[in-house]
Amino acid sequence: MAYNMKKKILCLLLACGLLAFAGCGQTTVSGQSDTDTESATQDVFAMDTYMTVTAYGDGAEEAVSAAIAEIERLDALLTATDDTGETYTVNQNGGGSLSEDGMYLLERSLELYESTEGAFNVAIFPVMTAWGFVDDAFGVPSEAELKEALALLDVSSILVDTDGSTVTFAREGMAIDFGGIAKGYTSSRVIQILEEYGIESAVVNLGGNVQVLGEKVDGSAWRVGILDPANPDEGIGVLETIDCAVITSGGYERCFEEDGVIYHHIIDPSTGYPAENGLASVTIVSQDGTLADALSTSLFVMGLEKATAFWQKNSDSFDVIFITDSGEIYVTEGIADDFTAEQEVSVIEAQ
Ligand code: AMP
Ligand code: MG
């Protein structure tokens, strides 16, 4: 079965679905046609997904072009699978120099390894390779192969020289993978660039991960659709938000089937297997896109109970929408009033 094709179609659906929800797919926002606000939209295929940047206000065209150029630059730089990427090069050579972007992402990833007690592991690349997620040669790895890959998840063997902007892997075969954090960093950078161009209202959609700047031109909040993991071409709820990244991790986003079992791409570093703990998707809402992306992956790995405790300790920096395998929805207190769904929603309270 052409899972890659399936994935591409799904990505398209995700992108379209969110655009429809966000109401920002055209050059004018619905309800804004009587205003003469300038606006611009551009699409690009990068980081293996469809991305759209839409901005409103004077200079929108130029700002969106600069944003697209930044997406293309980061795509070429951060890829672990193409020799344009410094990530690829350090992985090939057991270390080397990193750009400011690469260094920032590596250092944040290492901090997140600590704060998530290992749920976020930037050294996951050998395990992704073992499962065939890197080259689309999907398959369940042998126990021996997995054991070997697991031994390479030793984050303490990533030696960073901040002043020299270099990294060294103290174990042969180690390799890093920014797949769990790069899109959120990219959307944050895009928002920063749009702001530098004086834009105050914009939306960035990176394959279903959304970050918005300000509010809509009519002064209302952006409406971001949250997909139903059991039926990912349909929405399950809508979040109203201003100035936030809304980033989702779900097993349905990239997976394959073998002998009737579905295996997805979010790996529990303690087992080397796709995390299976009752969660179907985790959406993080935060002003910090980089954090939102890394935590969507991490909280998916943790499962509802641990993730709830993690949020309760860190509730000032993000909020969460959890959807379980059985379709229950839980939202954290900070966004409870901003999220609507047809079905019942349980609210997780801060302690
Ligand atoms: P996301 O869709 O943001 O959850 O990212 C999933 C991607 O992150 C995977 O395709 C891998 O590249 C990477 N990844 C998978 N598991 C982990 C993990 N436990 N920690 C860090 N990155 C991971
Ligand atoms: Mg992520």
# chains A, B, ... in the order shown; residues from 1 in each chain; ligands from 1
>>> closest_atom_pairs(of="stretch 283-318 of chain A", to="stretch 249-265 of chain A", cutoff="8 Å", atoms="only C-alpha atoms", output="Markdown table")
| residue | atom | partner | partner_atom | distance |
| --- | --- | --- | --- | --- |
| A:Thr283 | CA | A:Ser249 | CA | 6.4 |
| A:Ser296 | CA | A:Ser249 | CA | 5.3 |
| A:Thr297 | CA | A:Ser249 | CA | 5.7 |
| A:Phe300 | CA | A:Ser249 | CA | 6.9 |
>>> residues_around(residues="A:Gln287", least_positions_apart="4", cutoff="12 Å", atoms="only C-alpha atoms", output="ChimeraX atom specification")
/A:184-185,187-188,191-192,210-214,241-247,291-293,316-319
>>> residues_around(residues="A:Glu328", least_positions_apart="3", cutoff="12 Å", atoms="only C-alpha atoms", output="VMD selection string")
chain A and resid 228 to 230 236 to 237 278 to 282 304 321 to 325 331 341 to 347
>>> residues_around(residues="stretch 65-76 of chain A", least_positions_apart="5", cutoff="10 Å", atoms="only C-alpha atoms", output="PyMOL selection string")
chain A and resi 40-48+51-55+60+81-87+101-102+182-183+185-187+189-194+197+204+206
>>> closest_atom_pairs(of="chain A", to="ligand 1", cutoff="7 Å", atoms="only C-alpha atoms and all ligand atoms", output="JSON lines")
{"residue": "A:Ala119", "atom": "CA", "partner": "ligand 1", "partner_atom_place_in_ligand_line": "19 (N)", "distance": 5.2}
{"residue": "A:Phe120", "atom": "CA", "partner": "ligand 1", "partner_atom_place_in_ligand_line": "20 (N)", "distance": 3.6}
{"residue": "A:Asn121", "atom": "CA", "partner": "ligand 1", "partner_atom_place_in_ligand_line": "20 (N)", "distance": 3.9}
{"residue": "A:Val122", "atom": "CA", "partner": "ligand 1", "partner_atom_place_in_ligand_line": "21 (C)", "distance": 4.8}
{"residue": "A:Ile124", "atom": "CA", "partner": "ligand 1", "partner_atom_place_in_ligand_line": "23 (C)", "distance": 5.9}
{"residue": "A:Phe125", "atom": "CA", "partner": "ligand 1", "partner_atom_place_in_ligand_line": "12 (O)", "distance": 6.9}
{"residue": "A:Met128", "atom": "CA", "partner": "ligand 1", "partner_atom_place_in_ligand_line": "11 (C)", "distance": 6.5}
{"residue": "A:Asp177", "atom": "CA", "partner": "ligand 1", "partner_atom_place_in_ligand_line": "12 (O)", "distance": 5.7}
{"residue": "A:Phe178", "atom": "CA", "partner": "ligand 1", "partner_atom_place_in_ligand_line": "12 (O)", "distance": 6.3}
{"residue": "A:Gly179", "atom": "CA", "partner": "ligand 1", "partner_atom_place_in_ligand_line": "12 (O)", "distance": 3.6}
{"residue": "A:Gly180", "atom": "CA", "partner": "ligand 1", "partner_atom_place_in_ligand_line": "8 (O)", "distance": 3.2}
{"residue": "A:Ile181", "atom": "CA", "partner": "ligand 1", "partner_atom_place_in_ligand_line": "3 (O)", "distance": 5.9}
{"residue": "A:Thr248", "atom": "CA", "partner": "ligand 1", "partner_atom_place_in_ligand_line": "2 (O)", "distance": 6.9}
{"residue": "A:Ser249", "atom": "CA", "partner": "ligand 1", "partner_atom_place_in_ligand_line": "4 (O)", "distance": 4.2}
{"residue": "A:Gly250", "atom": "CA", "partner": "ligand 1", "partner_atom_place_in_ligand_line": "2 (O)", "distance": 6.6}
{"residue": "A:His265", "atom": "CA", "partner": "ligand 1", "partner_atom_place_in_ligand_line": "10 (O)", "distance": 5.1}
{"residue": "A:Ile266", "atom": "CA", "partner": "ligand 1", "partner_atom_place_in_ligand_line": "16 (N)", "distance": 4.0}
{"residue": "A:Ile267", "atom": "CA", "partner": "ligand 1", "partner_atom_place_in_ligand_line": "16 (N)", "distance": 3.9}
{"residue": "A:Asp268", "atom": "CA", "partner": "ligand 1", "partner_atom_place_in_ligand_line": "19 (N)", "distance": 5.2}
{"residue": "A:Pro269", "atom": "CA", "partner": "ligand 1", "partner_atom_place_in_ligand_line": "19 (N)", "distance": 5.3}
{"residue": "A:Asp293", "atom": "CA", "partner": "ligand 1", "partner_atom_place_in_ligand_line": "3 (O)", "distance": 5.3}
{"residue": "A:Ala294", "atom": "CA", "partner": "ligand 1", "partner_atom_place_in_ligand_line": "3 (O)", "distance": 6.3}
{"residue": "A:Ser296", "atom": "CA", "partner": "ligand 1", "partner_atom_place_in_ligand_line": "4 (O)", "distance": 5.8}
{"residue": "A:Thr297", "atom": "CA", "partner": "ligand 1", "partner_atom_place_in_ligand_line": "4 (O)", "distance": 3.8}
{"residue": "A:Ser298", "atom": "CA", "partner": "ligand 1", "partner_atom_place_in_ligand_line": "19 (N)", "distance": 6.2}
{"residue": "A:Val301", "atom": "CA", "partner": "ligand 1", "partner_atom_place_in_ligand_line": "19 (N)", "distance": 6.4}
>>> write_last_selection(atoms="N, CA, C and O atoms", output="compact mmCIF listing (two decimals), in the first residue's frame")
# COMPACT_ATOMS: atom_id res chain seq x y z
N ALA A 119 11.07 12.16 27.92
CA ALA A 119 10.02 11.90 26.91
C ALA A 119 10.42 12.54 25.59
O ALA A 119 10.17 11.97 24.51
N PHE A 120 11.02 13.73 25.64
CA PHE A 120 11.52 14.36 24.41
C PHE A 120 12.99 14.00 24.26
O PHE A 120 13.82 14.38 25.08
N ASN A 121 13.30 13.26 23.20
CA ASN A 121 14.69 12.82 23.02
C ASN A 121 15.13 13.14 21.59
O ASN A 121 14.72 12.49 20.63
N VAL A 122 15.98 14.17 21.48
CA VAL A 122 16.40 14.65 20.16
C VAL A 122 17.33 13.65 19.45
O VAL A 122 17.54 13.75 18.25
N ILE A 124 16.63 10.68 18.78
CA ILE A 124 15.73 9.60 18.37
C ILE A 124 15.99 9.06 16.95
O ILE A 124 15.46 8.00 16.58
N PHE A 125 16.81 9.74 16.18
CA PHE A 125 16.96 9.40 14.76
C PHE A 125 17.26 7.93 14.48
O PHE A 125 16.62 7.34 13.59
N MET A 128 14.05 6.08 14.66
CA MET A 128 13.18 6.39 13.51
C MET A 128 13.66 5.62 12.28
O MET A 128 12.87 5.11 11.49
N ASP A 177 17.52 14.45 15.48
CA ASP A 177 16.34 14.57 14.63
C ASP A 177 15.47 15.68 15.21
O ASP A 177 14.96 15.55 16.32
N PHE A 178 15.35 16.78 14.45
CA PHE A 178 14.54 17.90 14.93
C PHE A 178 13.08 17.78 14.50
O PHE A 178 12.33 18.76 14.59
N GLY A 179 12.68 16.60 14.04
CA GLY A 179 11.31 16.41 13.53
C GLY A 179 10.22 16.75 14.53
O GLY A 179 9.11 17.12 14.14
N GLY A 180 10.52 16.64 15.82
CA GLY A 180 9.51 16.90 16.84
C GLY A 180 9.45 18.36 17.27
O GLY A 180 8.59 18.72 18.07
N ILE A 181 10.32 19.20 16.75
CA ILE A 181 10.42 20.58 17.26
C ILE A 181 10.57 21.62 16.14
O ILE A 181 10.26 22.79 16.32
N THR A 248 -0.35 20.23 17.09
CA THR A 248 -0.89 18.91 17.41
C THR A 248 0.07 17.80 17.04
O THR A 248 0.69 17.82 15.98
N SER A 249 0.17 16.81 17.92
CA SER A 249 0.84 15.54 17.59
C SER A 249 -0.21 14.45 17.64
O SER A 249 -0.97 14.35 18.62
N GLY A 250 -0.26 13.65 16.61
CA GLY A 250 -1.22 12.54 16.60
C GLY A 250 -0.61 11.36 15.86
O GLY A 250 0.10 11.54 14.87
N HIS A 265 4.57 7.27 14.40
CA HIS A 265 5.91 7.88 14.39
C HIS A 265 6.31 8.60 15.67
O HIS A 265 7.34 9.27 15.70
N ILE A 266 5.49 8.51 16.71
CA ILE A 266 5.88 9.18 17.96
C ILE A 266 6.35 8.10 18.92
O ILE A 266 5.57 7.26 19.39
N ILE A 267 7.64 8.13 19.17
CA ILE A 267 8.30 7.00 19.82
C ILE A 267 8.47 7.25 21.31
O ILE A 267 8.90 8.34 21.72
N ASP A 268 8.17 6.24 22.10
CA ASP A 268 8.48 6.30 23.53
C ASP A 268 9.95 5.90 23.67
O ASP A 268 10.31 4.74 23.45
N PRO A 269 10.81 6.86 24.04
CA PRO A 269 12.24 6.56 24.08
C PRO A 269 12.60 5.48 25.11
O PRO A 269 13.69 4.91 25.04
N ASP A 293 5.57 22.76 19.97
CA ASP A 293 5.87 21.60 19.13
C ASP A 293 6.54 20.50 19.96
O ASP A 293 6.11 19.33 19.95
N ALA A 294 7.58 20.87 20.70
CA ALA A 294 8.30 19.85 21.47
C ALA A 294 7.37 19.20 22.50
O ALA A 294 7.41 17.98 22.71
N SER A 296 4.06 18.91 22.32
CA SER A 296 3.00 18.07 21.75
C SER A 296 3.54 16.64 21.62
O SER A 296 2.85 15.68 21.96
N THR A 297 4.76 16.53 21.18
CA THR A 297 5.38 15.21 21.06
C THR A 297 5.58 14.59 22.44
O THR A 297 5.26 13.42 22.67
N SER A 298 6.12 15.38 23.37
CA SER A 298 6.47 14.86 24.70
C SER A 298 5.24 14.40 25.48
O SER A 298 5.25 13.33 26.11
N VAL A 301 3.84 11.20 24.38
CA VAL A 301 4.63 10.08 24.90
C VAL A 301 4.26 9.80 26.36
O VAL A 301 4.14 8.65 26.77
>>> select_by_dssp(residues="stretch 163-201 of chain A", states="alpha helix (DSSP H)", output="list of chain:residue names")
A:Ala182, A:Lys183, A:Gly184, A:Tyr185, A:Thr186, A:Ser187, A:Ser188, A:Arg189, A:Val190, A:Ile191, A:Gln192, A:Ile193, A:Leu194, A:Glu195, A:Glu196
>>> write_last_selection(atoms="all heavy atoms", output="short mmCIF file (atom, residue, chain, number, x, y, z; two decimals), in the first residue's frame")
data_model
loop_
_atom_site.label_atom_id
_atom_site.label_comp_id
_atom_site.auth_asym_id
_atom_site.auth_seq_id
_atom_site.Cartn_x
_atom_site.Cartn_y
_atom_site.Cartn_z
N ALA A 182 11.03 21.18 14.95
CA ALA A 182 11.43 22.14 13.89
C ALA A 182 10.25 22.95 13.34
O ALA A 182 10.41 24.14 13.02
CB ALA A 182 12.12 21.41 12.75
N LYS A 183 9.08 22.34 13.25
CA LYS A 183 7.97 23.08 12.65
C LYS A 183 7.50 24.21 13.57
O LYS A 183 7.17 25.30 13.11
CB LYS A 183 6.80 22.15 12.33
CG LYS A 183 7.06 21.35 11.09
CD LYS A 183 5.79 20.71 10.58
CE LYS A 183 6.15 19.54 9.70
NZ LYS A 183 5.81 18.25 10.30
N GLY A 184 7.50 23.94 14.86
CA GLY A 184 7.11 24.97 15.81
C GLY A 184 8.12 26.11 15.83
O GLY A 184 7.75 27.29 15.92
N TYR A 185 9.39 25.75 15.72
CA TYR A 185 10.43 26.79 15.65
C TYR A 185 10.23 27.61 14.38
O TYR A 185 10.30 28.85 14.40
CB TYR A 185 11.82 26.14 15.65
CG TYR A 185 12.94 27.13 15.46
CD1 TYR A 185 13.17 28.12 16.41
CD2 TYR A 185 13.75 27.10 14.33
CE1 TYR A 185 14.19 29.05 16.24
CE2 TYR A 185 14.77 28.02 14.15
CZ TYR A 185 14.98 28.99 15.11
OH TYR A 185 15.99 29.91 14.94
N THR A 186 9.93 26.92 13.29
CA THR A 186 9.74 27.61 12.02
C THR A 186 8.55 28.56 12.09
O THR A 186 8.64 29.71 11.64
CB THR A 186 9.54 26.57 10.89
OG1 THR A 186 10.68 25.71 10.88
CG2 THR A 186 9.39 27.23 9.53
N SER A 187 7.44 28.11 12.68
CA SER A 187 6.29 29.02 12.73
C SER A 187 6.60 30.22 13.63
O SER A 187 6.21 31.35 13.32
CB SER A 187 5.00 28.31 13.14
OG SER A 187 5.06 27.82 14.43
N SER A 188 7.36 30.01 14.69
CA SER A 188 7.76 31.15 15.54
C SER A 188 8.62 32.14 14.77
O SER A 188 8.45 33.35 14.89
CB SER A 188 8.59 30.67 16.73
OG SER A 188 7.76 30.13 17.70
N ARG A 189 9.57 31.61 13.99
CA ARG A 189 10.44 32.48 13.19
C ARG A 189 9.63 33.25 12.15
O ARG A 189 9.87 34.43 11.91
CB ARG A 189 11.53 31.65 12.47
CG ARG A 189 12.65 31.16 13.37
CD ARG A 189 13.59 32.31 13.76
NE ARG A 189 14.09 33.01 12.59
CZ ARG A 189 14.21 34.34 12.51
NH1 ARG A 189 13.89 35.11 13.53
NH2 ARG A 189 14.67 34.90 11.40
N VAL A 190 8.65 32.58 11.55
CA VAL A 190 7.81 33.24 10.54
C VAL A 190 7.05 34.40 11.18
O VAL A 190 7.01 35.50 10.65
CB VAL A 190 6.85 32.21 9.90
CG1 VAL A 190 5.70 32.91 9.18
CG2 VAL A 190 7.61 31.31 8.94
N ILE A 191 6.49 34.16 12.35
CA ILE A 191 5.74 35.21 13.05
C ILE A 191 6.68 36.39 13.37
O ILE A 191 6.33 37.55 13.17
CB ILE A 191 5.07 34.67 14.34
CG1 ILE A 191 4.00 33.62 13.99
CG2 ILE A 191 4.50 35.80 15.20
CD1 ILE A 191 2.75 34.13 13.31
N GLN A 192 7.90 36.05 13.80
CA GLN A 192 8.88 37.10 14.13
C GLN A 192 9.16 37.96 12.89
O GLN A 192 9.21 39.19 12.98
CB GLN A 192 10.19 36.42 14.52
CG GLN A 192 10.68 36.73 15.89
CD GLN A 192 11.93 35.89 16.17
OE1 GLN A 192 12.03 34.71 15.80
NE2 GLN A 192 12.89 36.50 16.82
N ILE A 193 9.35 37.30 11.76
CA ILE A 193 9.65 38.02 10.52
C ILE A 193 8.48 38.91 10.10
O ILE A 193 8.64 40.06 9.77
CB ILE A 193 10.05 37.04 9.41
CG1 ILE A 193 11.47 36.57 9.72
CG2 ILE A 193 9.96 37.64 8.02
CD1 ILE A 193 12.00 35.52 8.84
N LEU A 194 7.27 38.36 10.19
CA LEU A 194 6.10 39.15 9.83
C LEU A 194 6.01 40.39 10.73
O LEU A 194 5.71 41.49 10.26
CB LEU A 194 4.82 38.31 9.95
CG LEU A 194 4.72 37.11 8.99
CD1 LEU A 194 3.48 36.28 9.30
CD2 LEU A 194 4.70 37.55 7.53
N GLU A 195 6.32 40.22 11.99
CA GLU A 195 6.30 41.37 12.93
C GLU A 195 7.34 42.41 12.53
O GLU A 195 7.09 43.60 12.59
CB GLU A 195 6.57 40.90 14.35
CG GLU A 195 5.36 40.27 15.00
CD GLU A 195 5.64 39.85 16.44
OE1 GLU A 195 6.63 39.12 16.66
OE2 GLU A 195 4.87 40.23 17.33
N GLU A 196 8.52 41.92 12.11
CA GLU A 196 9.57 42.84 11.67
C GLU A 196 9.10 43.69 10.49
O GLU A 196 9.55 44.81 10.30
CB GLU A 196 10.84 42.08 11.30
CG GLU A 196 11.66 41.66 12.51
CD GLU A 196 12.70 40.58 12.20
OE1 GLU A 196 13.09 40.45 11.01
OE2 GLU A 196 13.09 39.86 13.14
#
>>> atom_distance(atom1="atom CA of A:Asp154", atom2="atom CA of A:Ala137")
24.9 Å
>>> select_by_dssp(residues="stretch 67-265 of chain A", states="strand (DSSP E or B)", output="JSON, numbers by chain")
{"A": [95, 96, 97, 158, 159, 160, 161, 166, 167, 168, 169, 201, 202, 203, 204, 205, 206, 209, 210, 211, 212, 213, 222, 223, 224, 225, 226, 227, 228, 231, 232, 233, 234, 235, 236, 237, 238, 239, 240, 241, 245, 246, 247, 248, 249, 250, 255, 256, 257, 258, 261, 262, 263, 264]}
>>> write_last_selection(atoms="N, CA and C atoms", output="compact mmCIF listing (two decimals), in the first residue's frame")
# COMPACT_ATOMS: atom_id res chain seq x y z
N GLY A 95 29.28 14.75 14.52
CA GLY A 95 29.38 16.08 15.11
C GLY A 95 29.80 17.11 14.07
N GLY A 96 30.03 18.33 14.55
CA GLY A 96 30.44 19.40 13.64
C GLY A 96 29.83 20.72 14.05
N SER A 97 29.94 21.72 13.16
CA SER A 97 29.42 23.04 13.52
C SER A 97 27.93 23.13 13.28
N ILE A 158 25.73 13.70 23.96
CA ILE A 158 25.73 14.83 23.02
C ILE A 158 26.48 15.97 23.70
N LEU A 159 27.67 16.24 23.21
CA LEU A 159 28.52 17.23 23.87
C LEU A 159 28.47 18.53 23.07
N VAL A 160 27.97 19.57 23.75
CA VAL A 160 27.76 20.84 23.06
C VAL A 160 28.82 21.84 23.49
N ASP A 161 29.45 22.48 22.52
CA ASP A 161 30.35 23.60 22.82
C ASP A 161 29.64 24.87 22.34
N THR A 166 29.63 24.16 18.24
CA THR A 166 29.83 22.81 17.69
C THR A 166 29.18 21.77 18.60
N VAL A 167 28.94 20.61 18.01
CA VAL A 167 28.42 19.48 18.78
C VAL A 167 29.27 18.26 18.45
N THR A 168 29.45 17.39 19.46
CA THR A 168 30.15 16.13 19.23
C THR A 168 29.31 15.01 19.82
N PHE A 169 29.16 13.94 19.09
CA PHE A 169 28.47 12.77 19.62
C PHE A 169 29.53 11.81 20.16
N SER A 201 -1.45 41.13 12.00
CA SER A 201 -2.49 40.11 11.91
C SER A 201 -2.08 39.09 10.85
N ALA A 202 -1.88 37.85 11.27
CA ALA A 202 -1.39 36.84 10.32
C ALA A 202 -1.66 35.44 10.85
N VAL A 203 -1.64 34.49 9.94
CA VAL A 203 -1.75 33.08 10.34
C VAL A 203 -0.80 32.24 9.51
N VAL A 204 -0.13 31.34 10.19
CA VAL A 204 0.82 30.43 9.55
C VAL A 204 0.31 29.03 9.79
N ASN A 205 0.19 28.26 8.74
CA ASN A 205 -0.29 26.89 8.87
C ASN A 205 0.76 25.95 8.29
N LEU A 206 1.46 25.26 9.17
CA LEU A 206 2.52 24.36 8.72
C LEU A 206 2.00 22.93 8.83
N ASN A 209 -0.19 22.48 11.81
CA ASN A 209 0.27 23.20 13.00
C ASN A 209 0.12 24.69 12.71
N VAL A 210 -0.62 25.37 13.56
CA VAL A 210 -1.00 26.75 13.28
C VAL A 210 -0.36 27.69 14.30
N GLN A 211 0.11 28.83 13.82
CA GLN A 211 0.48 29.89 14.76
C GLN A 211 -0.14 31.18 14.25
N VAL A 212 -0.79 31.92 15.14
CA VAL A 212 -1.44 33.15 14.70
C VAL A 212 -0.76 34.35 15.35
N LEU A 213 -0.79 35.47 14.62
CA LEU A 213 -0.25 36.72 15.12
C LEU A 213 -1.42 37.68 15.32
N TRP A 222 -8.91 34.31 16.21
CA TRP A 222 -8.80 33.29 15.16
C TRP A 222 -9.52 32.04 15.63
N ARG A 223 -10.09 31.31 14.68
CA ARG A 223 -10.76 30.05 15.01
C ARG A 223 -9.97 28.91 14.38
N VAL A 224 -9.36 28.11 15.22
CA VAL A 224 -8.50 27.02 14.71
C VAL A 224 -9.22 25.69 14.93
N GLY A 225 -9.39 24.95 13.86
CA GLY A 225 -10.07 23.67 13.94
C GLY A 225 -9.15 22.59 14.50
N ILE A 226 -9.68 21.81 15.43
CA ILE A 226 -8.93 20.67 15.97
C ILE A 226 -9.53 19.42 15.33
N LEU A 227 -8.65 18.60 14.74
CA LEU A 227 -9.15 17.44 13.98
C LEU A 227 -9.52 16.29 14.90
N ASP A 228 -10.43 15.47 14.38
CA ASP A 228 -10.82 14.25 15.08
C ASP A 228 -9.81 13.17 14.72
N ASN A 231 -10.93 10.32 12.74
CA ASN A 231 -11.48 10.63 11.42
C ASN A 231 -10.86 11.95 10.97
N PRO A 232 -9.54 11.91 10.67
CA PRO A 232 -8.77 13.15 10.60
C PRO A 232 -9.12 14.11 9.46
N ASP A 233 -10.09 13.74 8.61
CA ASP A 233 -10.52 14.76 7.65
C ASP A 233 -11.72 15.54 8.18
N GLU A 234 -12.06 15.28 9.45
CA GLU A 234 -13.15 16.04 10.06
C GLU A 234 -12.70 16.71 11.35
N GLY A 235 -13.34 17.81 11.67
CA GLY A 235 -13.01 18.51 12.91
C GLY A 235 -13.77 17.93 14.08
N ILE A 236 -13.20 18.11 15.28
CA ILE A 236 -13.89 17.64 16.49
C ILE A 236 -14.23 18.82 17.40
N GLY A 237 -13.55 19.95 17.14
CA GLY A 237 -13.78 21.13 17.97
C GLY A 237 -13.07 22.33 17.38
N VAL A 238 -13.35 23.49 17.98
CA VAL A 238 -12.74 24.74 17.48
C VAL A 238 -12.17 25.51 18.67
N LEU A 239 -10.96 25.99 18.49
CA LEU A 239 -10.32 26.79 19.52
C LEU A 239 -10.24 28.23 19.05
N GLU A 240 -10.69 29.14 19.89
CA GLU A 240 -10.52 30.57 19.57
C GLU A 240 -9.25 31.04 20.25
N THR A 241 -8.39 31.67 19.48
CA THR A 241 -7.10 32.04 20.05
C THR A 241 -6.55 33.31 19.42
N ALA A 245 0.57 29.69 19.22
CA ALA A 245 0.78 28.52 18.37
C ALA A 245 -0.17 27.43 18.87
N VAL A 246 -0.74 26.69 17.92
CA VAL A 246 -1.66 25.59 18.25
C VAL A 246 -1.13 24.37 17.51
N ILE A 247 -0.42 23.52 18.24
CA ILE A 247 0.36 22.48 17.57
C ILE A 247 -0.05 21.09 18.06
N THR A 248 -0.35 20.23 17.09
CA THR A 248 -0.89 18.91 17.41
C THR A 248 0.07 17.80 17.04
N SER A 249 0.17 16.81 17.92
CA SER A 249 0.84 15.54 17.59
C SER A 249 -0.21 14.45 17.64
N GLY A 250 -0.26 13.65 16.61
CA GLY A 250 -1.22 12.54 16.60
C GLY A 250 -0.61 11.36 15.86
N CYS A 255 1.97 6.92 9.86
CA CYS A 255 1.92 5.58 10.43
C CYS A 255 1.92 4.53 9.31
N PHE A 256 2.12 3.28 9.71
CA PHE A 256 2.00 2.19 8.75
C PHE A 256 1.36 1.00 9.45
N GLU A 257 0.92 0.06 8.66
CA GLU A 257 0.28 -1.11 9.23
C GLU A 257 1.10 -2.36 8.90
N GLU A 258 1.31 -3.20 9.90
CA GLU A 258 1.96 -4.49 9.63
C GLU A 258 1.23 -5.56 10.43
N VAL A 261 -1.50 -4.48 12.71
CA VAL A 261 -1.21 -3.51 13.79
C VAL A 261 -0.74 -2.20 13.16
N ILE A 262 -1.24 -1.08 13.71
CA ILE A 262 -0.81 0.24 13.23
C ILE A 262 0.36 0.71 14.09
N TYR A 263 1.43 1.12 13.43
CA TYR A 263 2.58 1.67 14.14
C TYR A 263 2.76 3.12 13.69
N HIS A 264 2.87 4.04 14.67
CA HIS A 264 3.02 5.45 14.29
C HIS A 264 4.39 5.99 14.67
>>> closest_residue(among="A:Gly334, A:Gly272, A:Gly219, A:Gly207", to="ligand 2", atoms="only C-alpha atoms and all ligand atoms")
A:Gly207
>>> atom_distance(atom1="atom CA of A:Glu333", atom2="atom CA of A:Phe310")
13.9 Å
>>> atom_distance(atom1="atom CA of A:Leu153", atom2="atom CA of A:Met174")
7.3 Å
>>> closest_residue(among="A:Ile176, A:Asp288, A:Glu114, A:Leu299", to="ligand 2", atoms="only C-alpha atoms and all ligand atoms")
A:Leu299
